[in-house]
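What follows is a set of notes on a single structure, which appears directly below.
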Amino acid sequence: MARTRVRFASLLALTAALTALVTGCGSGDGSTPKDGATTPRGGKPVVVVTTTWEGAFARAAGAEDVKVIVPQSVHHAPDYDPKPSDLAAVGKADFVLYAPFEPYAAKIKEAAGSKAKLVEVNLDNDADKVKAEVAELGALFGTQESAAKWAASFDAEYAKLSKDVQGSWPGGKSPAVVSQVFTAWSAKLAGATPVGTYGPEAVTPAQLAELSAKKPSLVLDNAHMSTGPVLPDSGARQIEIVNYPGADLDLLPVYRNAAAELKKAMGGS
């Protein structure tokens with residue numbers, strides 16, 4: 001990921017500290033595929049997640065005891081340097097959820113010498129991908145019923161929001177949009193017409209010319225990885241799309257907020 005700053009020396013020290021903390025807690029087999037339910041202690045999974053994004057997926061899948069490592073105040077999560085107390089939480093978990101683009105994920109995985117199962121999560125707010133991920137996590141946690149109920153409520157809310165945004169199309173016509181690679185889901189929510197993507201690196205002069213020539217009316221930038229104005233002087237209106245849920249680990253407000261920004265940008269109230 002562009003501009004990631006990782007302090008490997010401190011991470012190695014933290015890894016050693018955690019290894020000492022979890023010694024005697026049992027043995028794990030490292031990363032585990034989401035291919036079957038594991039019965040946690042007491043029947044309820046204890047889940048540690050790197051960010052609120054994984055946390056929201058876990059909560060949607062039915063997990064109730066969820067510990068988030070990266071504080072919400074950290075705008076660019078991959079820049080966070082985990083503390084010993086953060087990593088120590090891994091030793092008390094049944095599952096640890098992380099994303100492959102997080103530079104500290106490999107160290108967390110290496111440090112998880114306890115019984116915790118490491119689960120790689122596909123962080124993408126595309127509606128179909130979210131439901132698939134939540135269903136897999138529900139099967140892994142043994143909370144399939146809760147995951148299914150959440151999916152039903154999500155479908156209803158998503159359909160409502162999508163209809164509302166599409167009702168704001170300028171002149172009743174689907175707008176042409178350029179999206180950052182991690183915000184394409186919001187274009188889909190809006191029923192917009194995708195004409196190009198960019199990122200996660202800054203747009204090059206060649207990309208600028210190519211994307212501007214497609215005359216998009218909107219640029220859907222990633223609020224967590226913004227590189228500033230993407231298509232200056234193109235006439236396209238740029239809006240910031242937020243991917244990460246809040247401290248309440250509720251994924252639905254992410255879609256509500258995106259819908260509100262899209263509707264506003266299209267001239268709706």
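The chains in the structure tokens are called A, B, ... from first to last as shown; in each chain the residues are counted from 1, and the ligands are counted from 1 in the order shown.
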
Show me, as a CSV table (one decimal) with C-alpha atoms, in the first residue's frame, the residues that have an atom within 7 Å of Ile241 (chain A) when counting only C-alpha atoms, minus same-chain residues fewer than 6 positions from it.
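Now in result_29.csv:
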```
chain,number,residue,atom,x,y,z
A,183,THR,CA,-14.8,2.8,-3.5
A,220,LEU,CA,-15.5,8.8,-5.8
A,221,ASP,CA,-12.3,9.2,-3.8
A,222,ASN,CA,-11.2,7.1,-0.8
A,223,ALA,CA,-11.4,9.2,2.4
A,258,ALA,CA,-22.2,7.1,1.2
```

Would you list the contacts of region 192-202 of chain A as a list in words, taking every protein, DNA or RNA residue within 6 Å and counting only C-alpha atoms, but skipping same-chain residues closer than 2 positions in sequence?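 These residues fall inside the cut-off: Ala2, Ser174, Pro175, Ala176, Val177, Val178, Ser179, Gln180, Val181, Ala187, Ala190 and Thr227 of chain A.
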
Let's have the selection written as a PDB file, in the first residue's frame, with N, CA, C and O atoms.
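Output below, filename out33.pdb:
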```pdb
ATOM      1  N   ALA A   2       0.510   2.232  -0.717  1.00  0.00           N
ATOM      2  CA  ALA A   2       1.339   3.422  -0.907  1.00  0.00           C
ATOM      3  C   ALA A   2       1.570   4.152   0.400  1.00  0.00           C
ATOM      4  O   ALA A   2       0.699   4.266   1.242  1.00  0.00           O
ATOM      5  N   SER A 174     -28.236   7.862 -15.414  1.00  0.00           N
ATOM      6  CA  SER A 174     -27.134   7.356 -14.598  1.00  0.00           C
ATOM      7  C   SER A 174     -25.868   8.162 -14.845  1.00  0.00           C
ATOM      8  O   SER A 174     -25.419   8.295 -15.988  1.00  0.00           O
ATOM      9  N   PRO A 175     -25.257   8.725 -13.793  1.00  0.00           N
ATOM     10  CA  PRO A 175     -24.047   9.538 -13.973  1.00  0.00           C
ATOM     11  C   PRO A 175     -22.809   8.690 -14.254  1.00  0.00           C
ATOM     12  O   PRO A 175     -22.685   7.560 -13.771  1.00  0.00           O
ATOM     13  N   ALA A 176     -21.897   9.239 -15.031  1.00  0.00           N
ATOM     14  CA  ALA A 176     -20.617   8.579 -15.286  1.00  0.00           C
ATOM     15  C   ALA A 176     -19.681   8.903 -14.129  1.00  0.00           C
ATOM     16  O   ALA A 176     -19.556  10.062 -13.725  1.00  0.00           O
ATOM     17  N   VAL A 177     -19.027   7.869 -13.582  1.00  0.00           N
ATOM     18  CA  VAL A 177     -18.162   8.091 -12.424  1.00  0.00           C
ATOM     19  C   VAL A 177     -16.809   7.412 -12.588  1.00  0.00           C
ATOM     20  O   VAL A 177     -16.682   6.388 -13.260  1.00  0.00           O
ATOM     21  N   VAL A 178     -15.815   8.014 -11.951  1.00  0.00           N
ATOM     22  CA  VAL A 178     -14.490   7.419 -11.800  1.00  0.00           C
ATOM     23  C   VAL A 178     -14.341   7.110 -10.318  1.00  0.00           C
ATOM     24  O   VAL A 178     -14.641   7.961  -9.469  1.00  0.00           O
ATOM     25  N   SER A 179     -13.904   5.902 -10.000  1.00  0.00           N
ATOM     26  CA  SER A 179     -13.800   5.484  -8.603  1.00  0.00           C
ATOM     27  C   SER A 179     -12.378   5.090  -8.242  1.00  0.00           C
ATOM     28  O   SER A 179     -11.648   4.539  -9.078  1.00  0.00           O
ATOM     29  N   GLN A 180     -12.010   5.370  -6.997  1.00  0.00           N
ATOM     30  CA  GLN A 180     -10.791   4.789  -6.462  1.00  0.00           C
ATOM     31  C   GLN A 180     -11.063   3.287  -6.318  1.00  0.00           C
ATOM     32  O   GLN A 180     -12.218   2.876  -6.138  1.00  0.00           O
ATOM     33  N   VAL A 181     -10.031   2.466  -6.420  1.00  0.00           N
ATOM     34  CA  VAL A 181     -10.244   1.021  -6.465  1.00  0.00           C
ATOM     35  C   VAL A 181     -11.029   0.479  -5.277  1.00  0.00           C
ATOM     36  O   VAL A 181     -11.721  -0.538  -5.408  1.00  0.00           O
ATOM     37  N   ALA A 187     -20.230   3.250  -6.231  1.00  0.00           N
ATOM     38  CA  ALA A 187     -20.768   3.499  -7.571  1.00  0.00           C
ATOM     39  C   ALA A 187     -21.869   2.497  -7.876  1.00  0.00           C
ATOM     40  O   ALA A 187     -22.901   2.831  -8.483  1.00  0.00           O
ATOM     41  N   ALA A 190     -25.044   3.413  -6.147  1.00  0.00           N
ATOM     42  CA  ALA A 190     -25.723   4.525  -6.815  1.00  0.00           C
ATOM     43  C   ALA A 190     -26.284   4.145  -8.177  1.00  0.00           C
ATOM     44  O   ALA A 190     -27.005   4.946  -8.788  1.00  0.00           O
ATOM     45  N   THR A 227      -5.367  11.296  -2.166  1.00  0.00           N
ATOM     46  CA  THR A 227      -4.137  11.927  -2.660  1.00  0.00           C
ATOM     47  C   THR A 227      -4.430  13.347  -3.134  1.00  0.00           C
ATOM     48  O   THR A 227      -3.654  13.934  -3.878  1.00  0.00           O
TER      49      THR A 227
END
```

Proximity to Val254 (chain A) - best of A:Ser168, A:Thr143, A:Ser186, A:Ser73, only C-alpha atoms: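 Looking only at the distances to Val254 (chain A), the closest residue turns out to be A:Ser186.
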
Select from region 68-189 of chain A everything DSSP, run on the backbone, classes as strand (DSSP E or B), then give the selection as a CSV table (one decimal) with N, CA, C and O atoms, in the first residue's frame.
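Once everything was written out, this is selection.csv:
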```csv
chain,number,residue,atom,x,y,z
A,68,VAL,N,-11.1,-4.5,19.1
A,68,VAL,CA,-10.4,-3.9,17.9
A,68,VAL,C,-9.1,-3.4,18.3
A,68,VAL,O,-8.9,-2.7,19.4
A,95,PHE,N,-10.6,-16.2,17.7
A,95,PHE,CA,-10.3,-15.9,16.3
A,95,PHE,C,-9.6,-14.5,16.2
A,95,PHE,O,-10.0,-13.6,17.0
A,96,VAL,N,-8.7,-14.4,15.2
A,96,VAL,CA,-8.1,-13.1,14.9
A,96,VAL,C,-8.3,-12.8,13.5
A,96,VAL,O,-7.9,-13.6,12.6
A,97,LEU,N,-9.0,-11.7,13.2
A,97,LEU,CA,-9.3,-11.3,11.8
A,97,LEU,C,-8.4,-10.2,11.3
A,97,LEU,O,-8.2,-9.2,12.1
A,98,TYR,N,-7.9,-10.3,10.1
A,98,TYR,CA,-7.0,-9.3,9.6
A,98,TYR,C,-7.2,-9.3,8.1
A,98,TYR,O,-7.8,-10.2,7.5
A,117,LYS,N,-7.3,-18.7,16.1
A,117,LYS,CA,-7.3,-19.0,14.6
A,117,LYS,C,-7.2,-17.7,13.9
A,117,LYS,O,-8.0,-16.8,14.1
A,118,LEU,N,-6.2,-17.7,13.0
A,118,LEU,CA,-6.0,-16.5,12.1
A,118,LEU,C,-6.9,-16.6,10.9
A,118,LEU,O,-6.8,-17.6,10.2
A,119,VAL,N,-7.7,-15.6,10.7
A,119,VAL,CA,-8.6,-15.6,9.6
A,119,VAL,C,-8.4,-14.3,8.7
A,119,VAL,O,-8.6,-13.2,9.2
A,120,GLU,N,-8.1,-14.5,7.4
A,120,GLU,CA,-7.9,-13.4,6.5
A,120,GLU,C,-9.2,-13.0,5.9
A,120,GLU,O,-10.0,-13.9,5.4
A,176,ALA,N,-21.9,9.2,-15.0
A,176,ALA,CA,-20.6,8.6,-15.3
A,176,ALA,C,-19.7,8.9,-14.1
A,176,ALA,O,-19.6,10.1,-13.7
A,177,VAL,N,-19.0,7.9,-13.6
A,177,VAL,CA,-18.2,8.1,-12.4
A,177,VAL,C,-16.8,7.4,-12.6
A,177,VAL,O,-16.7,6.4,-13.3
A,178,VAL,N,-15.8,8.0,-12.0
A,178,VAL,CA,-14.5,7.4,-11.8
A,178,VAL,C,-14.3,7.1,-10.3
A,178,VAL,O,-14.6,8.0,-9.5
A,179,SER,N,-13.9,5.9,-10.0
A,179,SER,CA,-13.8,5.5,-8.6
A,179,SER,C,-12.4,5.1,-8.2
A,179,SER,O,-11.6,4.5,-9.1
A,180,GLN,N,-12.0,5.4,-7.0
A,180,GLN,CA,-10.8,4.8,-6.5
A,180,GLN,C,-11.1,3.3,-6.3
A,180,GLN,O,-12.2,2.9,-6.1
```

Nearby residues (only C-alpha atoms) at most 6 Å from Leu218 (chain A), same-chain spacing under 6 positions excluded, as a PyMOL selection string: chain A and resi 177+236-238

Interatomic distance between CA of Gly191 (chain A) and CA of Lys131 (chain A)?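 Those two atoms sit 18.7 Å apart.
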
Using backbone DSSP assignments, extract all alpha helix (DSSP H) residues from region 47-163 of chain A; output them as a VMD selection string. chain A and resid 52 to 60 84 to 88 105 to 111 127 to 141 144 to 163

Residues of the last selection are to be written out with C-alpha atoms, as a compact mmCIF listing (two decimals), in the first residue's frame.
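Written output follows (result-v9.txt):
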```txt
# COMPACT_ATOMS: atom_id res chain seq x y z
CA THR A 52 -13.35 -1.60 12.85
CA TRP A 53 -13.85 -2.81 9.27
CA GLU A 54 -13.08 -6.43 10.18
CA GLY A 55 -14.92 -5.80 13.44
CA ALA A 56 -18.11 -4.83 11.63
CA PHE A 57 -17.93 -7.98 9.52
CA ALA A 58 -17.48 -10.06 12.69
CA ARG A 59 -20.38 -8.32 14.44
CA ALA A 60 -22.62 -8.77 11.40
CA PRO A 84 2.17 -5.04 23.36
CA SER A 85 -1.27 -4.87 25.00
CA ASP A 86 -2.89 -4.98 21.55
CA LEU A 87 -0.97 -8.05 20.54
CA ALA A 88 -1.45 -9.70 23.94
CA ALA A 105 -0.82 -8.62 9.77
CA ALA A 106 2.14 -10.92 9.07
CA LYS A 107 3.66 -10.05 12.46
CA ILE A 108 0.33 -10.63 14.23
CA LYS A 109 0.07 -13.96 12.45
CA GLU A 110 3.64 -14.86 13.43
CA ALA A 111 3.03 -13.85 17.01
CA ALA A 127 -22.84 -5.79 -1.26
CA ASP A 128 -22.46 -9.31 -2.67
CA LYS A 129 -18.95 -9.71 -1.29
CA VAL A 130 -20.00 -8.47 2.14
CA LYS A 131 -22.83 -10.98 2.39
CA ALA A 132 -20.59 -13.82 1.25
CA GLU A 133 -17.91 -12.88 3.80
CA VAL A 134 -20.43 -12.54 6.63
CA ALA A 135 -21.95 -15.93 5.78
CA GLU A 136 -18.51 -17.57 5.85
CA LEU A 137 -17.65 -15.97 9.18
CA GLY A 138 -21.02 -17.02 10.60
CA ALA A 139 -20.28 -20.61 9.62
CA LEU A 140 -16.83 -20.37 11.20
CA PHE A 141 -18.15 -18.83 14.43
CA GLN A 144 -25.14 -18.87 11.09
CA GLU A 145 -28.60 -17.83 12.26
CA SER A 146 -27.43 -14.40 13.37
CA ALA A 147 -25.50 -13.93 10.12
CA ALA A 148 -28.57 -14.84 8.06
CA LYS A 149 -30.75 -12.37 9.99
CA TRP A 150 -28.21 -9.62 9.44
CA ALA A 151 -28.04 -10.38 5.72
CA ALA A 152 -31.81 -10.05 5.42
CA SER A 153 -31.80 -6.66 7.16
CA PHE A 154 -28.86 -5.57 5.04
CA ASP A 155 -30.65 -6.49 1.80
CA ALA A 156 -33.69 -4.42 2.79
CA GLU A 157 -31.63 -1.37 3.78
CA TYR A 158 -29.38 -1.58 0.73
CA ALA A 159 -32.34 -1.77 -1.66
CA LYS A 160 -33.93 1.27 0.00
CA LEU A 161 -30.76 3.33 -0.15
CA SER A 162 -30.00 2.37 -3.74
CA LYS A 163 -33.50 3.32 -4.88
```

Would you mind listing what lies within 8 Å of Glu64 (chain A) as number ranges by chain, with only C-alpha atoms counted and same-chain residues fewer than 3 positions away left out? A: 44-46, 59

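The two atoms in question, CA of Glu240 (chain A) and CA of Val219 (chain A), are spaced 8.5 Å apart.
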
Could you tell me which of A:Ala184, A:Ala247, A:Val66, A:Leu211 comes closest to Leu231 (chain A) if we count only C-alpha atoms?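 Ranked by minimum distance to Leu231 (chain A), first place goes to A:Leu211.
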
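The protein and nucleic acid residues lying at most 9 Å from Val165 (chain A) are Leu189, Ala190, Gly191, Ala259, Ala260, Leu262, Lys263, Met266 and Gly268 of chain A, with only C-alpha atoms considered and sequence neighbours fewer than 6 positions away removed.
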